[in-house]
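With compact mmCIF, C-alpha atoms and all ligand atoms inside, this is run_4.txt:
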# COMPACT_ATOMS: atom_id res chain seq x y z
CA MET Z 1 76.10 58.47 -39.19
CA TYR Z 2 74.24 58.16 -42.45
CA ARG Z 3 70.79 57.41 -41.09
CA GLY Z 4 70.21 60.47 -38.95
CA ALA Z 5 69.22 58.58 -35.79
CA PHE Z 6 71.37 58.88 -32.67
CA ALA Z 7 71.35 58.84 -28.90
CA VAL Z 8 72.96 61.50 -26.78
CA VAL Z 9 74.51 60.22 -23.55
CA ASP Z 10 75.00 63.12 -21.19
CA LEU Z 11 77.99 62.11 -19.08
CA GLU Z 12 77.80 65.38 -17.17
CA ALA Z 13 74.36 64.19 -16.01
CA VAL Z 14 75.89 60.90 -14.85
CA ARG Z 15 78.56 62.78 -12.92
CA HIS Z 16 75.92 65.05 -11.40
CA ASN Z 17 73.79 62.09 -10.31
CA VAL Z 18 76.76 60.31 -8.75
CA ARG Z 19 77.73 63.48 -6.88
CA VAL Z 20 74.17 64.02 -5.63
CA VAL Z 21 73.99 60.49 -4.24
CA LYS Z 22 77.51 60.63 -2.84
CA SER Z 23 76.63 63.78 -0.92
CA ARG Z 24 74.01 61.73 0.94
CA LEU Z 25 76.42 58.99 1.96
CA GLY Z 26 78.66 58.75 4.98
CA ALA Z 27 82.20 59.95 4.36
CA GLN Z 28 83.57 56.40 4.48
CA THR Z 29 80.78 54.75 2.49
CA ARG Z 30 81.86 53.34 -0.83
CA LEU Z 31 79.76 53.97 -3.92
CA MET Z 32 79.46 51.23 -6.51
CA VAL Z 33 77.86 52.13 -9.83
CA ALA Z 34 76.22 49.26 -11.69
CA VAL Z 35 77.37 49.35 -15.31
CA LYS Z 36 75.99 45.96 -16.30
CA ALA Z 37 74.09 45.55 -19.57
CA ASP Z 38 76.48 47.99 -21.25
CA GLY Z 39 75.85 50.60 -18.59
CA TYR Z 40 72.05 50.22 -18.77
CA GLY Z 41 72.38 50.84 -22.52
CA HIS Z 42 74.45 54.02 -22.14
CA GLY Z 43 77.87 52.44 -22.76
CA ALA Z 44 79.68 50.69 -19.89
CA VAL Z 45 83.14 52.16 -20.36
CA PRO Z 46 82.23 55.86 -20.76
CA VAL Z 47 79.75 55.62 -17.88
CA ALA Z 48 82.31 53.85 -15.68
CA ARG Z 49 84.89 56.57 -16.34
CA ALA Z 50 82.38 59.37 -15.73
CA ALA Z 51 81.11 57.77 -12.52
CA LEU Z 52 84.62 57.20 -11.16
CA SER Z 53 85.61 60.78 -11.95
CA ALA Z 54 82.60 61.98 -9.92
CA GLY Z 55 83.44 59.96 -6.83
CA ALA Z 56 82.23 56.41 -7.45
CA THR Z 57 84.69 53.91 -5.99
CA ASP Z 58 83.52 50.57 -7.39
CA LEU Z 59 81.79 49.13 -10.45
CA GLY Z 60 79.22 46.35 -10.63
CA VAL Z 61 78.61 44.09 -13.63
CA ALA Z 62 76.53 41.00 -14.23
CA THR Z 63 79.05 38.79 -16.00
CA VAL Z 64 82.77 38.14 -16.21
CA GLU Z 65 82.64 39.17 -19.88
CA GLU Z 66 81.38 42.60 -18.84
CA ALA Z 67 84.20 42.89 -16.31
CA ILE Z 68 86.77 41.98 -18.97
CA GLU Z 69 85.44 44.74 -21.22
CA LEU Z 70 86.16 47.27 -18.46
CA ARG Z 71 89.65 45.89 -17.82
CA GLN Z 72 90.48 45.84 -21.53
CA ALA Z 73 89.50 49.50 -21.73
CA GLY Z 74 92.00 50.20 -18.97
CA VAL Z 75 89.51 50.72 -16.12
CA ARG Z 76 91.42 49.83 -12.94
CA ALA Z 77 88.77 50.43 -10.25
CA PRO Z 78 87.43 47.51 -8.18
CA VAL Z 79 84.87 45.53 -10.18
CA LEU Z 80 82.42 43.02 -8.74
CA VAL Z 81 80.55 40.46 -10.83
CA LEU Z 82 77.09 40.50 -9.21
CA GLY Z 83 75.72 37.41 -10.94
CA ALA Z 84 76.44 33.75 -10.28
CA VAL Z 85 79.76 32.48 -11.65
CA SER Z 86 81.18 29.04 -12.37
CA PRO Z 87 84.62 28.16 -10.97
CA GLN Z 88 85.92 28.45 -14.54
CA ALA Z 89 84.56 32.01 -14.84
CA ALA Z 90 86.02 32.81 -11.41
CA ARG Z 91 89.44 31.64 -12.64
CA GLU Z 92 89.36 34.27 -15.40
CA ALA Z 93 88.05 36.87 -12.94
CA ALA Z 94 91.03 36.20 -10.65
CA ARG Z 95 93.42 36.72 -13.57
CA GLN Z 96 91.69 40.00 -14.40
CA GLY Z 97 91.71 41.20 -10.79
CA VAL Z 98 87.93 41.17 -10.66
CA ALA Z 99 85.87 40.15 -7.60
CA VAL Z 100 83.09 37.60 -7.89
CA THR Z 101 79.94 36.77 -6.01
CA LEU Z 102 79.82 33.36 -4.38
CA THR Z 103 76.28 32.06 -4.32
CA ASP Z 104 76.86 28.34 -3.78
CA ASP Z 105 78.84 26.08 -1.50
CA TRP Z 106 82.08 25.43 -3.39
CA SER Z 107 83.65 23.64 -0.45
CA ARG Z 108 81.94 20.37 -1.46
CA ASN Z 109 83.79 20.25 -4.78
CA PRO Z 110 86.65 22.72 -4.32
CA PRO Z 111 88.15 24.26 -7.45
CA ALA Z 112 91.88 23.89 -8.07
CA PRO Z 113 93.98 26.80 -6.76
CA PHE Z 114 93.49 30.08 -8.62
CA ASP Z 115 96.48 31.68 -10.39
CA ALA Z 116 95.90 34.95 -8.60
CA CYS Z 117 94.04 35.72 -5.38
CA LEU Z 118 90.29 35.70 -5.98
CA ASP Z 119 88.24 38.29 -4.10
CA VAL Z 120 84.88 36.87 -3.10
CA HIS Z 121 81.68 38.51 -1.92
CA LEU Z 122 79.20 36.11 -0.35
CA LYS Z 123 75.62 36.64 -1.38
CA VAL Z 124 72.95 36.16 1.26
CA ASP Z 125 69.43 35.45 0.13
CA THR Z 126 67.31 37.33 2.63
CA GLY Z 127 64.03 37.18 0.75
CA MET Z 128 64.52 38.00 -2.91
CA ASN Z 129 64.70 34.24 -3.51
CA ARG Z 130 66.89 34.58 -6.55
CA LEU Z 131 70.52 33.89 -5.58
CA GLY Z 132 72.61 33.30 -2.50
CA PHE Z 133 72.74 31.43 0.79
CA ARG Z 134 69.40 31.06 2.49
CA ASP Z 135 70.80 29.20 5.46
CA ILE Z 136 72.98 31.23 7.83
CA GLY Z 137 74.80 28.11 9.06
CA GLU Z 138 75.80 27.30 5.49
CA LEU Z 139 76.87 30.92 4.92
CA VAL Z 140 79.19 30.82 7.93
CA ARG Z 141 80.63 27.45 6.91
CA VAL Z 142 81.40 28.69 3.36
CA ALA Z 143 82.82 31.96 4.72
CA ARG Z 144 85.21 29.93 6.92
CA TRP Z 145 86.19 27.83 3.94
CA VAL Z 146 86.91 30.94 1.81
CA ALA Z 147 88.87 32.60 4.61
CA ALA Z 148 91.01 29.49 4.99
CA ARG Z 149 92.00 29.29 1.31
CA PRO Z 150 95.25 31.09 0.60
CA ASP Z 151 94.14 31.85 -2.96
CA MET Z 152 90.82 33.42 -1.97
CA ARG Z 153 89.95 36.47 0.09
CA LEU Z 154 86.66 37.10 1.86
CA ALA Z 155 86.15 40.62 0.54
CA GLY Z 156 82.47 41.19 1.18
CA VAL Z 157 79.03 39.98 2.09
CA PHE Z 158 75.86 41.35 0.60
CA THR Z 159 72.19 40.94 -0.05
CA HIS Z 160 69.72 42.41 -2.52
CA LEU Z 161 66.35 43.92 -1.64
CA ALA Z 162 63.25 42.88 -3.55
CA VAL Z 163 61.01 45.78 -2.52
CA ALA Z 164 63.14 48.80 -1.68
CA ASP Z 165 61.02 51.18 -3.76
CA ALA Z 166 57.51 50.67 -2.35
CA ALA Z 167 55.57 52.80 0.11
CA ASP Z 168 55.21 49.72 2.32
CA THR Z 169 58.67 49.04 3.75
CA SER Z 170 57.83 45.86 5.67
CA HIS Z 171 59.32 43.45 3.14
CA ALA Z 172 62.59 45.39 3.00
CA GLU Z 173 62.70 45.62 6.80
CA ARG Z 174 62.28 41.86 7.08
CA GLN Z 175 65.14 41.36 4.64
CA MET Z 176 67.37 43.76 6.57
CA ARG Z 177 66.70 41.92 9.84
CA GLN Z 178 67.74 38.71 8.15
CA PHE Z 179 70.88 40.40 6.76
CA GLN Z 180 71.78 41.73 10.21
CA ALA Z 181 71.36 38.22 11.57
CA ALA Z 182 73.74 36.91 8.92
CA LEU Z 183 76.33 39.61 9.72
CA GLY Z 184 75.94 38.81 13.42
CA ALA Z 185 76.56 35.10 12.83
CA LEU Z 186 79.67 35.86 10.76
CA ALA Z 187 80.98 38.19 13.46
CA GLU Z 188 80.39 35.54 16.10
CA ALA Z 189 82.48 33.16 14.02
CA GLY Z 190 85.25 35.77 14.01
CA LEU Z 191 84.60 36.73 10.39
CA ARG Z 192 84.01 40.31 9.42
CA PRO Z 193 84.27 40.72 5.63
CA PRO Z 194 85.56 44.24 4.94
CA LEU Z 195 82.51 45.23 2.88
CA ALA Z 196 78.90 44.63 3.85
CA HIS Z 197 76.40 46.04 1.37
CA ALA Z 198 72.70 45.87 0.67
CA ALA Z 199 71.33 49.10 -0.80
CA ASN Z 200 70.35 49.57 -4.46
CA SER Z 201 69.33 53.05 -5.73
CA ALA Z 202 66.01 53.01 -3.92
CA ALA Z 203 67.42 51.94 -0.57
CA ALA Z 204 70.46 54.22 -0.89
CA LEU Z 205 68.21 57.23 -1.41
CA ARG Z 206 65.57 56.29 1.16
CA PHE Z 207 67.27 54.56 4.06
CA PRO Z 208 70.59 56.04 5.24
CA ALA Z 209 70.78 53.34 7.92
CA TRP Z 210 71.05 50.67 5.24
CA GLN Z 211 74.12 52.06 3.52
CA PHE Z 212 76.57 49.84 5.47
CA ASP Z 213 80.06 50.00 3.88
CA MET Z 214 78.88 50.48 0.30
CA VAL Z 215 75.77 51.22 -1.75
CA ARG Z 216 75.14 49.86 -5.23
CA LEU Z 217 73.73 52.55 -7.44
CA GLY Z 218 72.15 51.66 -10.75
CA ILE Z 219 69.16 53.45 -12.20
CA SER Z 220 69.70 56.69 -10.30
CA ALA Z 221 73.19 57.11 -11.75
CA TYR Z 222 71.41 57.26 -15.11
CA GLY Z 223 69.03 59.90 -13.80
CA TYR Z 224 65.84 57.99 -13.16
CA GLN Z 225 63.90 57.15 -10.02
CA PRO Z 226 63.62 53.43 -9.27
CA ASN Z 227 59.89 53.92 -8.87
CA PRO Z 228 58.39 57.07 -10.39
CA ALA Z 229 55.24 56.52 -8.33
CA LEU Z 230 57.34 57.06 -5.22
CA ALA Z 231 59.58 59.82 -6.54
CA LEU Z 232 62.10 61.02 -3.99
CA PRO Z 233 63.17 64.64 -3.72
CA VAL Z 234 66.54 64.01 -5.36
CA PRO Z 235 67.51 66.28 -8.26
CA LEU Z 236 68.52 63.61 -10.79
CA ARG Z 237 69.23 64.33 -14.45
CA PRO Z 238 68.37 61.73 -17.11
CA ALA Z 239 71.42 60.90 -19.19
CA LEU Z 240 69.89 59.17 -22.21
CA HIS Z 241 68.22 61.04 -25.09
CA LEU Z 242 67.07 59.58 -28.41
CA TYR Z 243 66.69 61.62 -31.59
CA ALA Z 244 66.08 61.15 -35.31
CA PHE Z 245 65.46 63.39 -38.32
CA ILE Z 246 62.15 63.21 -40.18
CA THR Z 247 62.85 61.45 -43.48
CA ARG Z 248 59.52 62.21 -45.14
CA LEU Z 249 56.29 64.14 -44.64
CA CYS Z 250 53.07 63.37 -46.43
CA ASP Z 251 49.41 64.29 -46.16
CA ILE Z 252 46.81 61.55 -46.25
CA GLU Z 253 43.06 61.77 -46.72
CA PRO Z 254 40.36 60.70 -44.25
CA GLY Z 255 39.94 56.93 -44.44
CA GLU Z 256 43.53 56.26 -45.51
CA THR Z 257 45.67 54.16 -43.20
CA VAL Z 258 49.26 54.09 -41.96
CA GLY Z 259 51.69 51.21 -41.63
CA TYR Z 260 51.55 47.42 -41.39
CA GLY Z 261 48.15 46.04 -40.56
CA ALA Z 262 46.57 49.40 -41.48
CA THR Z 263 45.88 49.96 -37.79
CA PHE Z 264 45.91 53.77 -37.95
CA VAL Z 265 42.96 55.18 -39.86
CA ALA Z 266 42.95 58.92 -40.60
CA ARG Z 267 39.80 60.63 -39.35
CA ARG Z 268 40.77 63.94 -40.91
CA ARG Z 269 43.32 65.10 -43.44
CA THR Z 270 46.44 63.97 -41.58
CA ARG Z 271 50.11 64.85 -41.89
CA ILE Z 272 52.36 61.84 -41.34
CA ALA Z 273 56.07 62.09 -40.51
CA THR Z 274 58.34 59.10 -41.08
CA VAL Z 275 61.15 58.64 -38.54
CA PRO Z 276 64.09 56.26 -39.11
CA VAL Z 277 63.92 54.40 -35.77
CA GLY Z 278 62.12 51.11 -35.18
CA TYR Z 279 61.86 48.15 -32.89
CA ALA Z 280 65.21 46.79 -34.06
CA ASP Z 281 66.69 49.95 -32.54
CA GLY Z 282 65.01 49.28 -29.21
CA TYR Z 283 61.97 51.47 -29.73
CA PRO Z 284 59.40 48.89 -28.65
CA ARG Z 285 56.65 47.71 -30.94
CA TRP Z 286 54.17 47.93 -28.08
CA LEU Z 287 54.35 51.70 -28.50
CA SER Z 288 52.46 51.28 -31.80
CA ASN Z 289 49.53 53.75 -31.79
CA ARG Z 290 50.34 54.45 -28.10
CA GLY Z 291 53.72 56.13 -27.87
CA CYS Z 292 54.46 59.80 -28.37
CA ALA Z 293 57.37 62.00 -29.39
CA LEU Z 294 58.27 65.68 -29.40
CA VAL Z 295 58.37 67.65 -32.63
CA ARG Z 296 59.06 71.39 -32.45
CA GLY Z 297 58.02 71.31 -28.81
CA HIS Z 298 54.72 69.58 -29.54
CA ARG Z 299 53.80 66.18 -28.18
CA VAL Z 300 52.65 64.02 -31.09
CA PRO Z 301 51.31 60.45 -31.20
CA VAL Z 302 52.84 57.41 -32.91
CA ALA Z 303 50.62 56.58 -35.91
CA GLY Z 304 50.27 52.91 -36.77
CA ARG Z 305 52.60 50.07 -35.97
CA VAL Z 306 56.24 50.62 -35.14
CA CYS Z 307 58.23 48.90 -37.92
CA MET Z 308 61.62 47.24 -37.59
CA ASP Z 309 63.59 50.30 -38.75
CA GLN Z 310 61.04 53.10 -38.90
CA LEU Z 311 57.98 54.56 -37.26
CA MET Z 312 55.40 57.14 -38.22
CA LEU Z 313 54.04 60.11 -36.27
CA ASP Z 314 50.87 62.13 -36.63
CA VAL Z 315 52.24 65.68 -36.90
CA THR Z 316 49.06 67.33 -38.20
CA ASP Z 317 49.00 69.74 -35.26
CA VAL Z 318 52.63 70.87 -35.50
CA PRO Z 319 52.76 74.24 -37.27
CA GLY Z 320 55.64 74.59 -39.71
CA VAL Z 321 56.81 70.99 -39.46
CA GLN Z 322 59.27 70.06 -42.21
CA ALA Z 323 61.13 67.02 -43.44
CA GLY Z 324 64.56 67.13 -41.78
CA ASP Z 325 63.21 68.36 -38.43
CA CYS Z 326 64.70 66.57 -35.44
CA VAL Z 327 62.27 64.40 -33.46
CA THR Z 328 62.80 63.71 -29.78
CA LEU Z 329 61.86 60.08 -29.12
CA TYR Z 330 62.77 60.49 -25.48
CA GLY Z 331 64.80 62.83 -23.33
CA ARG Z 332 65.27 66.55 -23.72
CA GLN Z 333 63.58 68.33 -26.61
CA ALA Z 334 66.00 68.56 -29.55
CA PRO Z 335 67.52 72.03 -30.03
CA GLY Z 336 65.77 74.04 -32.73
CA SER Z 337 69.07 74.29 -34.61
CA TRP Z 338 69.11 70.53 -35.20
CA ARG Z 339 68.02 69.90 -38.77
CA ALA Z 340 69.10 67.16 -41.15
CA ASP Z 341 70.48 69.59 -43.73
CA GLY Z 342 72.93 71.02 -41.20
CA PHE Z 343 74.05 67.54 -40.22
CA GLN Z 344 74.18 65.31 -43.23
CA GLY Z 345 76.92 67.05 -45.17
CA LEU Z 346 79.36 66.69 -42.26
CA GLU Z 347 82.05 64.06 -41.71
CA ALA Z 348 81.56 61.70 -38.75
CA ALA Z 349 83.71 63.62 -36.27
CA ALA Z 350 82.12 66.91 -37.30
CA GLN Z 351 78.66 65.39 -36.89
CA GLU Z 352 79.49 64.46 -33.31
CA ALA Z 353 80.88 67.89 -32.59
CA TRP Z 354 77.75 69.45 -34.10
CA ILE Z 355 75.52 67.30 -31.86
CA ARG Z 356 77.61 68.06 -28.78
CA THR Z 357 77.66 71.79 -29.36
CA GLY Z 358 73.93 71.99 -30.07
CA PHE Z 359 73.02 69.91 -27.04
CA ARG Z 360 75.18 71.91 -24.66
CA ALA Z 361 74.08 75.25 -26.12
CA ALA Z 362 70.42 74.34 -25.70
CA GLY Z 363 70.83 73.04 -22.16
CA GLY Z 364 73.32 75.53 -20.81
CA ASP Z 365 75.06 73.85 -17.92
CA GLY Z 366 72.26 71.28 -17.75
CA SER Z 367 70.88 72.67 -14.51
CA GLU Z 368 67.42 73.06 -15.99
CA ALA Z 369 67.55 69.64 -17.56
CA GLY Z 370 64.50 68.27 -15.79
CA ASP Z 371 64.07 66.09 -12.76
CA GLY Z 372 63.31 62.76 -14.39
CA THR Z 373 59.96 62.52 -12.68
CA GLY Z 374 58.10 62.39 -15.96
CA ALA Z 375 56.34 65.67 -15.30
CA GLY Z 376 56.77 66.37 -19.05
CA ASP Z 377 56.06 70.03 -19.80
CA GLY Z 378 56.68 69.57 -23.51
CA ALA Z 379 60.40 70.19 -23.20
CA TRP Z 380 61.03 66.69 -21.94
CA LEU Z 381 59.81 63.22 -22.72
CA SER Z 382 60.61 60.96 -19.83
CA LEU Z 383 61.33 57.26 -20.23
CA ASP Z 384 59.02 56.78 -17.26
CA GLU Z 385 56.11 58.07 -19.31
CA LEU Z 386 56.82 55.68 -22.19
CA ALA Z 387 57.51 52.79 -19.80
CA GLN Z 388 54.20 53.32 -18.08
CA ILE Z 389 52.36 52.83 -21.37
CA GLY Z 390 53.81 49.33 -21.57
CA GLN Z 391 53.53 48.65 -17.84
CA THR Z 392 57.26 48.33 -17.67
CA ILE Z 393 60.11 50.32 -16.15
CA SER Z 394 62.61 52.83 -17.51
CA TYR Z 395 65.36 50.22 -16.95
CA GLU Z 396 63.97 48.00 -19.70
CA LEU Z 397 63.72 50.80 -22.27
CA MET Z 398 67.30 51.94 -21.62
CA CYS Z 399 68.71 48.45 -21.91
CA ALA Z 400 66.70 47.87 -25.09
CA LEU Z 401 68.44 50.65 -27.03
CA SER Z 402 70.25 48.72 -29.73
CA PRO Z 403 73.95 49.02 -30.58
CA ARG Z 404 72.72 50.07 -34.04
CA ILE Z 405 71.97 53.52 -32.60
CA PRO Z 406 75.20 55.54 -32.44
CA ARG Z 407 75.83 57.02 -29.01
CA VAL Z 408 77.22 60.53 -28.88
CA TYR Z 409 78.83 61.38 -25.54
CA VAL Z 410 78.48 64.94 -24.37
C1 LIG Z 501 71.65 46.06 -10.87
C2 LIG Z 501 71.89 45.88 -9.43
C3 LIG Z 501 71.84 46.96 -8.55
C4 LIG Z 501 71.40 48.35 -8.97
O1 LIG Z 501 69.98 48.40 -8.90
P1 LIG Z 501 69.19 49.76 -9.23
O2 LIG Z 501 67.78 49.47 -8.86
O3 LIG Z 501 69.36 50.00 -10.69
O4 LIG Z 501 69.81 50.82 -8.39
C5 LIG Z 501 72.16 46.74 -7.22
N1 LIG Z 501 72.49 45.50 -6.78
C6 LIG Z 501 72.52 44.42 -7.60
C7 LIG Z 501 72.88 43.09 -7.05
C8 LIG Z 501 72.22 44.57 -8.94
O5 LIG Z 501 72.24 43.50 -9.75

Rewrite the structure from the file as structure tokens, please.
Amino acid sequence: MYRGAFAVVDLEAVRHNVRVVKSRLGAQTRLMVAVKADGYGHGAVPVARAALSAGATDLGVATVEEAIELRQAGVRAPVLVLGAVSPQAAREAARQGVAVTLTDDWSRNPPAPFDACLDVHLKVDTGMNRLGFRDIGELVRVARWVAARPDMRLAGVFTHLAVADAADTSHAERQMRQFQAALGALAEAGLRPPLAHAANSAAALRFPAWQFDMVRLGISAYGYQPNPALALPVPLRPALHLYAFITRLCDIEPGETVGYGATFVARRRTRIATVPVGYADGYPRWLSNRGCALVRGHRVPVAGRVCMDQLMLDVTDVPGVQAGDCVTLYGRQAPGSWRADGFQGLEAAAQEAWIRTGFRAAGGDGSEAGDGTGAGDGAWLSLDELAQIGQTISYELMCALSPRIPRVYV
């Protein structure tokens, strides 16, 4: 790590979040953790292992490639590809022992027999209008066709809710009635797939009656509420934290500007800190002149445009600020012991150990590590707060974190 920019992924937080959600589920209810998009940017394999060790039973991914990555890392738990797959992709999934989602009627042009038994979950479109069978008659016909194939197994049936996180629950209720109707029609046809599932994080936390045989947990495993405006009283701990050391400090005079386009104009004598993280690292350019960061416990604004590899902060109001101080771009305030001079002389493994020790020492057992509601008391900078500036969601910021940022797992 030569640049002095890194993310901390707190796997103990992931385990905590999984345990908290699991404690709200029925004893028989399975818990799938969605690790698509490289585990929402956290790292699919480490998150999968942490989640499974805390009681998750299943993993969800978007693509067969993502499933293969888990299998190649030796992860043996049940994996379901949640996105649409071609018969060719399904063939590889069968070889890998990975279940797929069937969203179309394959009986019209049946694929050649699979080498190994393919587990299939049928997707019912109950109102998201994205993927799946809209017509219950067609669903039942395809379910019969799957059940009759010796090389395929009807392993599940599921739907996805479009509005599980809003105060108004009418849309979700309409979808659930449609899902119940689909399950009823399958049962009438003598088909009862072993796993019915519908709930994402929001539904799993809000509606115990919608847990069915399994819930599919995504954002809440990573410590964030699906909708911060409707925060639920669940003690989640954010897992992702982004830090970088100040590379340079300089004082500019009133009237001088900062960065491309000269969009920041100093109104007073201003102290500018340069930070080696930019939009190529997943720190979005729309946070130019709008984002904030924590320096020595102070909330400071982004000054000027976010560059590709760097950004600048106005640290005029931070007493004692020095080059080499550690900036918190989001997550828990960096420990005071984190300074570039203590870090940069170390070898890679020692750097990681140094980060791990400092993070744990500052957070104790993590129990005071915040609630992810964005209440920001200076010790925390929530992704929800940054997301809100760009009218987006924490999900997008997590997934944006580039592979160029080294992840340190604590
Ligand atoms: C990603 C995903 C989830 C998890 O959603 P969260 O809102 O992150 O909990 C659940 N179900 C499906 C089908 C998904 O693609």

Dump the neighbourhood of ligand LIG 501 (chain Z) as a list in words: all residues within 6 Å, distances computed on all atoms listed in the file. Ala34, Leu82, His160, Asn200, Ser201, Arg216, Leu217, Gly218, Ile219 and Pro226 of chain Z

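Atom pair atom CA of Z:Arg15 / atom CA of Z:Tyr40 has a distance of 15.3 Å (rounded to one decimal).
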
Taking all atoms of stretch 139-142 of chain Z that the file lists, what box with edges along x, y and z, padded by 3 Å per side, do you get, with centre and edge lengths in Å to one decimal, as JSON?
{"center_x": 79.1, "center_y": 29.2, "center_z": 5.6, "size_x": 10.5, "size_y": 9.5, "size_z": 10.6}

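Every protein or nucleic acid residue with an atom no more than 6 Å from stretch 304-313 of chain Z, counting all atoms listed in the file and leaving out same-chain residues fewer than 6 positions away, appears here: Val258, Gly259, Thr263, Phe264, Ile272, Ala273, Thr274, Val275, Pro276, Val277, Gly278, Tyr279, Ala280, Arg285, Ser288 and Asn289 of chain Z.
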
Selected residue of minimal separation from Z:Ala172 among Z:Pro193, Z:Gly127, Z:Pro208, Z:Pro406, counting all atoms listed in the file: Z:Gly127

Do a neighbour search on Z:Ala54 at 10 Å with only C-alpha atoms, toss out local chain neighbours closer than 4 positions, and write the hits as a PDB file with C-alpha atoms, in the coordinates of the input.
ATOM      1  CA  GLU Z  12      77.800  65.380 -17.170  1.00  0.00           C
ATOM      2  CA  VAL Z  14      75.890  60.900 -14.850  1.00  0.00           C
ATOM      3  CA  ARG Z  15      78.560  62.780 -12.920  1.00  0.00           C
ATOM      4  CA  HIS Z  16      75.920  65.050 -11.400  1.00  0.00           C
ATOM      5  CA  ASN Z  17      73.790  62.090 -10.310  1.00  0.00           C
ATOM      6  CA  VAL Z  18      76.760  60.310  -8.750  1.00  0.00           C
ATOM      7  CA  ARG Z  19      77.730  63.480  -6.880  1.00  0.00           C
ATOM      8  CA  VAL Z  20      74.170  64.020  -5.630  1.00  0.00           C
ATOM      9  CA  LYS Z  22      77.510  60.630  -2.840  1.00  0.00           C
ATOM     10  CA  ALA Z  48      82.310  53.850 -15.680  1.00  0.00           C
ATOM     11  CA  ARG Z  49      84.890  56.570 -16.340  1.00  0.00           C
ATOM     12  CA  ALA Z  50      82.380  59.370 -15.730  1.00  0.00           C
TER      13      ALA Z  50
END

Report the closest atom pair, with its distance in Å rounded to one decimal, for each residue of stretch 219-258 of chain Z that has an atom no farther than 12 Å from stretch 349-366 of chain Z; count all atoms listed in the file, sort by chain and then rising residue number, and write it as JSON lines.
{"residue": "Z:Pro235", "atom": "CA", "partner": "Z:Gly366", "partner_atom": "CA", "distance": 11.7}
{"residue": "Z:Leu236", "atom": "CA", "partner": "Z:Gly366", "partner_atom": "CA", "distance": 11.0}
{"residue": "Z:Arg237", "atom": "CA", "partner": "Z:Gly366", "partner_atom": "CA", "distance": 8.3}
{"residue": "Z:Pro238", "atom": "CA", "partner": "Z:Gly366", "partner_atom": "CA", "distance": 10.3}
{"residue": "Z:Ala239", "atom": "CA", "partner": "Z:Gly366", "partner_atom": "CA", "distance": 10.5}
{"residue": "Z:His241", "atom": "CA", "partner": "Z:Phe359", "partner_atom": "CA", "distance": 10.3}
{"residue": "Z:Leu242", "atom": "CA", "partner": "Z:Ile355", "partner_atom": "CA", "distance": 12.0}
{"residue": "Z:Tyr243", "atom": "CA", "partner": "Z:Ile355", "partner_atom": "CA", "distance": 10.5}
{"residue": "Z:Ala244", "atom": "CA", "partner": "Z:Ile355", "partner_atom": "CA", "distance": 11.8}

If you count only C-alpha atoms, which residues fall within 12 Å of Z:Glu253, apart from same-chain ones fewer than 3 positions away, as an NGL selection string? :Z and (250 or 256-258 or 265-272 or 316)

Taking into account only C-alpha atoms, which residue in the set Z:Ala99, Z:Leu397, Z:Ala7, Z:Val408 is nearest to Z:Thr328? Z:Ala7

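Nearest to Z:Ala196 of all the residues Z:Ile246, Z:Cys326, Z:Val124, Z:Ile136 is Z:Val124, based on all atoms listed in the file.
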
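The residues that lie within 10 Å of the point (75.8, 43.9, -20.3), counting all atoms listed in the file, are Val35, Lys36, Ala37, Asp38, Gly39, Tyr40, Gly41, Gly43, Ala44, Val61, Ala62, Thr63, Val64, Glu65, Glu66, Ala67, Glu69 and Cys399 of chain Z.
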
Keeping C-alpha atoms, export the residues of the selection given above as a compact mmCIF listing (two decimals), keeping the file's coordinate frame.
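File written: selection.txt
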# COMPACT_ATOMS: atom_id res chain seq x y z
CA VAL Z 35 77.37 49.35 -15.31
CA LYS Z 36 75.99 45.96 -16.30
CA ALA Z 37 74.09 45.55 -19.57
CA ASP Z 38 76.48 47.99 -21.25
CA GLY Z 39 75.85 50.60 -18.59
CA TYR Z 40 72.05 50.22 -18.77
CA GLY Z 41 72.38 50.84 -22.52
CA GLY Z 43 77.87 52.44 -22.76
CA ALA Z 44 79.68 50.69 -19.89
CA VAL Z 61 78.61 44.09 -13.63
CA ALA Z 62 76.53 41.00 -14.23
CA THR Z 63 79.05 38.79 -16.00
CA VAL Z 64 82.77 38.14 -16.21
CA GLU Z 65 82.64 39.17 -19.88
CA GLU Z 66 81.38 42.60 -18.84
CA ALA Z 67 84.20 42.89 -16.31
CA GLU Z 69 85.44 44.74 -21.22
CA CYS Z 399 68.71 48.45 -21.91

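Going from atom CA of Z:Ser86 to atom CA of Z:Ala182 covers 23.9 Å.
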